[in-house]
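Reviewing the structure listed below.
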Amino acid sequence: MKSKLSFSESLGAQFTLLNATMLNSRILWSIRWRWVANAGFFLLILLARSVDILLDYESVWLTLMVLAVSNLIYQAIYIFKKNYSLIGELSFISVHMLMDVLILTWLIHLTGGVENPLYFFYIFHVIISSIIFPKNWPYLFTTFVFLLFNVLVWAEFYHFIGHNCLYEARYHQNLYLNILSVAVFTTAVFLTTHICTSFMKLFRQSQREVKQLNRLLMEKESEKSSFYRYTSHELKAPVVSIKTSIDAVLASSGNGLPDQARRLLKRASARAAQMLDMLKELLELSWEQSKGKQTTTDYVDVREVLLQSVEMERAVADSRGIRFYTDFEKGVPGITADKNSLQKLFGNIVGNAVRYNRDGGTIHIRAEKKENGVSVTVQDEGIGIAGDDLRKIFDPFYRSAAAKEFTDGGSGLGLSLVKQIVDNLGGRIEVDSAPGHGTTFTIFLPAESNS
Amino acid sequence: MKKKVLIIDDDIDLVEAMRMTLEEAGLEVLDAQSGKKGEERALREHPDLILLDIMMGEQDEGFHVAYHLRNHKETEDIPIIMLSAVGQETGFSFDPEKDEAFLPVQEFIDKPVNPDHLVEKVKAHLGY
């Protein structure tokens, strides 16, 4: 989908790191540093006065006042301006920077001209402009700085304007020193501009590439997920047909069939059911993957979902003498989540706790209030998980040898789904287990998943 | 007279399997392999109940069929049971009580459906 971008938007799209918000924060930053510079000059001038350097102090104070007042104006504009655009911010910052170098030039003039190494400070402005302005615009600014400095030096040299002596050396009258200063200055500022803009161009380009790759990756990811979903559906239909046919035969004429034939058909039906379960879980997993960190407005009570999961497993648990113990702390907050996903999440965890438990074992389910969410612990007395397997249990289709030996049911997708849902909710899952000593899953879910 | 059940589903094997179960239960079974044919057949033969698959040809053809049947004088009173292979896993699950205004069908059943369960549901809506 290609929408029409405004000029400033297209400029911003072209130059990552060049957008109104970023420039806006830069402006605040430059205002702060301008206060620092103002104070620094003030102290410096006080120092110069205390050692009786002869300067036009009144003009200097006035210039510093102008700098302070203009900074106050910038600050006021910054505070009261409600909406800002890229072009607006660019113009605003250009005005700042032009004013800054003008004032700096004037201050250099008032404090000795070429005799004052203060002209090193132009470098800061050149670097900042190279970072901020796009394309080759920084060269324009640098040329402006170059012209200002030249005008200052040669106007003083040819007596178009007066000279304020900092030392008695009268360096400004020395043609060779002036040429040397101007030449070194020019080389320094243009080289700095070149280095900075080259680096920024490279930097912006790689930012753009990263952004592009990221977008491509997201597209691929969602393509993959919809492929998954579509495939699962297509795979499901024939198995549904197979199972329905076998069940229909068994129901209508099963009693007339030889025992062995009936047993085989029943097993075929069970295998078809198993395949449907796997497809269902695969579908659920790809659904959660494609859904990603979607925002939801459901407000879910975790305890309610946990109790539902327990009820779902109650019949199987009872038949194997497995008992549930629930311990829900008072004031456990509700969380913002998709209820369906939470049901799948805890359904899987509680289901596993029953499936892999020993007959007559117990399952302890605790829900605790945490600083900004809920922590749920599900502890069983089952077969446990060996250290090597612990790292892999969240991998799709992975089932440990011990789990396979213990029961044939299970697709190996349940815990992948669990992990995906926890990730989508911005939570954390931890597992603590040892073979023969049961397994404890601890799941932390933040109250607000979208923050 | 035997009660008539119309199965609208594009999967002929599934239709045949359900036919076996329903005929065994003493019902007459009609079928149609597309939404359009299903609508025509319903108008012509006035079945006592319709089993309707959601996912045919077009992604959600079943919904359109249900909507047309409900909005036609001749078929508006025929109970409809919708069959779906799209369960909760895709995030769109249906609750006839909640969605009745928008989808006036009697029930949703997830495929595959067990024969006893199918007969039980069909008979319940036929008033046995």
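Lettering and numbering for the structure tokens are positional, with chains as A, B, ... in the shown order, residues counted from 1 in each chain, and ligands counted from 1 in the shown order.
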
| What are the residues of chain A that have an atom within 10 Å of an atom of chain B, counting only C-alpha atoms, as a PyMOL selection string? | chain A and resi 229+233+236-253+273+276+279-288+291+338+340-341+344

Worksheet item: Contacts of A:Glu311 at 12 Å or less, counting only C-alpha atoms, minus same-chain residues fewer than 5 places along, as a ChimeraX atom specification?
Response: /A:304-306,316-318,323-324,343,346-347,350-351,354

Just the residues within 12 Å of B:Met1, please, counting only C-alpha atoms, with nothing from its chain fewer than 6 positions along; format it as a list in words.
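Answer for this query is Gly26, Leu27, Glu28 and Asp48 of chain B.
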
Selected residues written out, C-alpha atoms, as a tab-separated table (two decimals), in the first residue's frame:
chain	number	residue	atom	x	y	z
B	26	GLY	CA	-34.55	-43.29	10.24
B	27	LEU	CA	-34.24	-39.96	8.47
B	28	GLU	CA	-34.38	-39.09	4.80
B	48	ASP	CA	-37.23	-30.30	8.08

Note to self: Applying 8 Å and only C-alpha atoms, which residues near stretch 68-84 of chain B remain after dropping the ones on its own chain fewer than 3 positions away? List them as a list in words.
What the structure shows: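 Residues near the query, excluding close chain neighbours: Glu39, Ala42, Leu43, His46, Pro47, Asp48, Leu49, Ile50, Leu51, Leu52, Asp53, Ile54, Met55, Gly62, His64, Val65, Gly87, Pro104, Val105, Gln106, Glu107, Phe108, Ile109, Asp110, Lys111 and His125 of chain B.
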
* Asked: atom CA of A:Arg267 and atom CA of B:Glu120, how far apart in Å?
  ->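 Going from atom CA of B:Glu120 over to atom CA of A:Arg267, I get 24.1 Å.
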
List every residue of stretch 9-70 of chain B that DSSP, applied to the backbone, labels as helix (DSSP H, G or I), and write the result as number ranges by chain.
-> B: 12-24, 35-45, 61-70

Restricting it to C-alpha atoms, dump the selection as a PDB file, in the first residue's frame.
ATOM      1  CA  ILE B  12     -18.998 -35.518  -0.921  1.00  0.00           C
ATOM      2  CA  ASP B  13     -17.251 -38.136   1.239  1.00  0.00           C
ATOM      3  CA  LEU B  14     -18.288 -36.357   4.376  1.00  0.00           C
ATOM      4  CA  VAL B  15     -21.853 -36.085   3.054  1.00  0.00           C
ATOM      5  CA  GLU B  16     -21.965 -39.819   2.364  1.00  0.00           C
ATOM      6  CA  ALA B  17     -20.681 -40.650   5.832  1.00  0.00           C
ATOM      7  CA  MET B  18     -23.268 -38.438   7.483  1.00  0.00           C
ATOM      8  CA  ARG B  19     -25.937 -39.821   5.168  1.00  0.00           C
ATOM      9  CA  MET B  20     -25.207 -43.315   6.428  1.00  0.00           C
ATOM     10  CA  THR B  21     -25.536 -42.230  10.041  1.00  0.00           C
ATOM     11  CA  LEU B  22     -28.712 -40.227   9.551  1.00  0.00           C
ATOM     12  CA  GLU B  23     -30.455 -42.818   7.378  1.00  0.00           C
ATOM     13  CA  GLU B  24     -29.618 -45.414   9.974  1.00  0.00           C
ATOM     14  CA  GLY B  35     -24.338 -23.061  -1.359  1.00  0.00           C
ATOM     15  CA  LYS B  36     -26.329 -22.106  -4.451  1.00  0.00           C
ATOM     16  CA  LYS B  37     -27.589 -25.634  -5.093  1.00  0.00           C
ATOM     17  CA  GLY B  38     -28.376 -25.938  -1.407  1.00  0.00           C
ATOM     18  CA  GLU B  39     -30.565 -22.861  -1.440  1.00  0.00           C
ATOM     19  CA  GLU B  40     -32.438 -24.118  -4.540  1.00  0.00           C
ATOM     20  CA  ARG B  41     -32.939 -27.517  -3.021  1.00  0.00           C
ATOM     21  CA  ALA B  42     -34.203 -26.064   0.232  1.00  0.00           C
ATOM     22  CA  LEU B  43     -36.796 -24.005  -1.648  1.00  0.00           C
ATOM     23  CA  ARG B  44     -37.890 -26.940  -3.765  1.00  0.00           C
ATOM     24  CA  GLU B  45     -38.028 -29.674  -1.193  1.00  0.00           C
ATOM     25  CA  GLU B  61     -20.116 -19.167   1.844  1.00  0.00           C
ATOM     26  CA  GLY B  62     -22.095 -20.947   4.542  1.00  0.00           C
ATOM     27  CA  PHE B  63     -22.827 -17.656   6.267  1.00  0.00           C
ATOM     28  CA  HIS B  64     -24.326 -16.187   3.125  1.00  0.00           C
ATOM     29  CA  VAL B  65     -26.426 -19.278   2.591  1.00  0.00           C
ATOM     30  CA  ALA B  66     -27.711 -19.107   6.174  1.00  0.00           C
ATOM     31  CA  TYR B  67     -28.533 -15.458   5.715  1.00  0.00           C
ATOM     32  CA  HIS B  68     -30.463 -16.060   2.469  1.00  0.00           C
ATOM     33  CA  LEU B  69     -32.375 -18.996   3.916  1.00  0.00           C
ATOM     34  CA  ARG B  70     -33.352 -16.965   6.944  1.00  0.00           C
TER      35      ARG B  70
END

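With only C-alpha atoms as the atoms that count, the minimum distance from A:Gly426 to the choices A:Asp327, A:Arg32, A:Gly292, A:Ser411 is reached by A:Gly292.
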
| request: Tell me, as a list of chain:residue names, which residues lie within 12 Å of A:Ile108, counting only C-alpha atoms; anything in the same chain fewer than 6 positions away does not count. | output: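 Within the cut-off, the hits are A:Phe41, A:Leu55, A:Asp56, A:Ser59, A:Val60, A:Thr63, A:Val101, A:Leu102, A:Val114, A:Glu115, A:Asn116, A:Pro117, A:Leu118, A:Tyr119, A:Phe120, A:Phe121, A:Tyr122, A:Leu148, A:Phe149, A:Leu152, A:Val153, A:Glu156, A:His163, A:Asn164, A:Cys165, A:Leu166.
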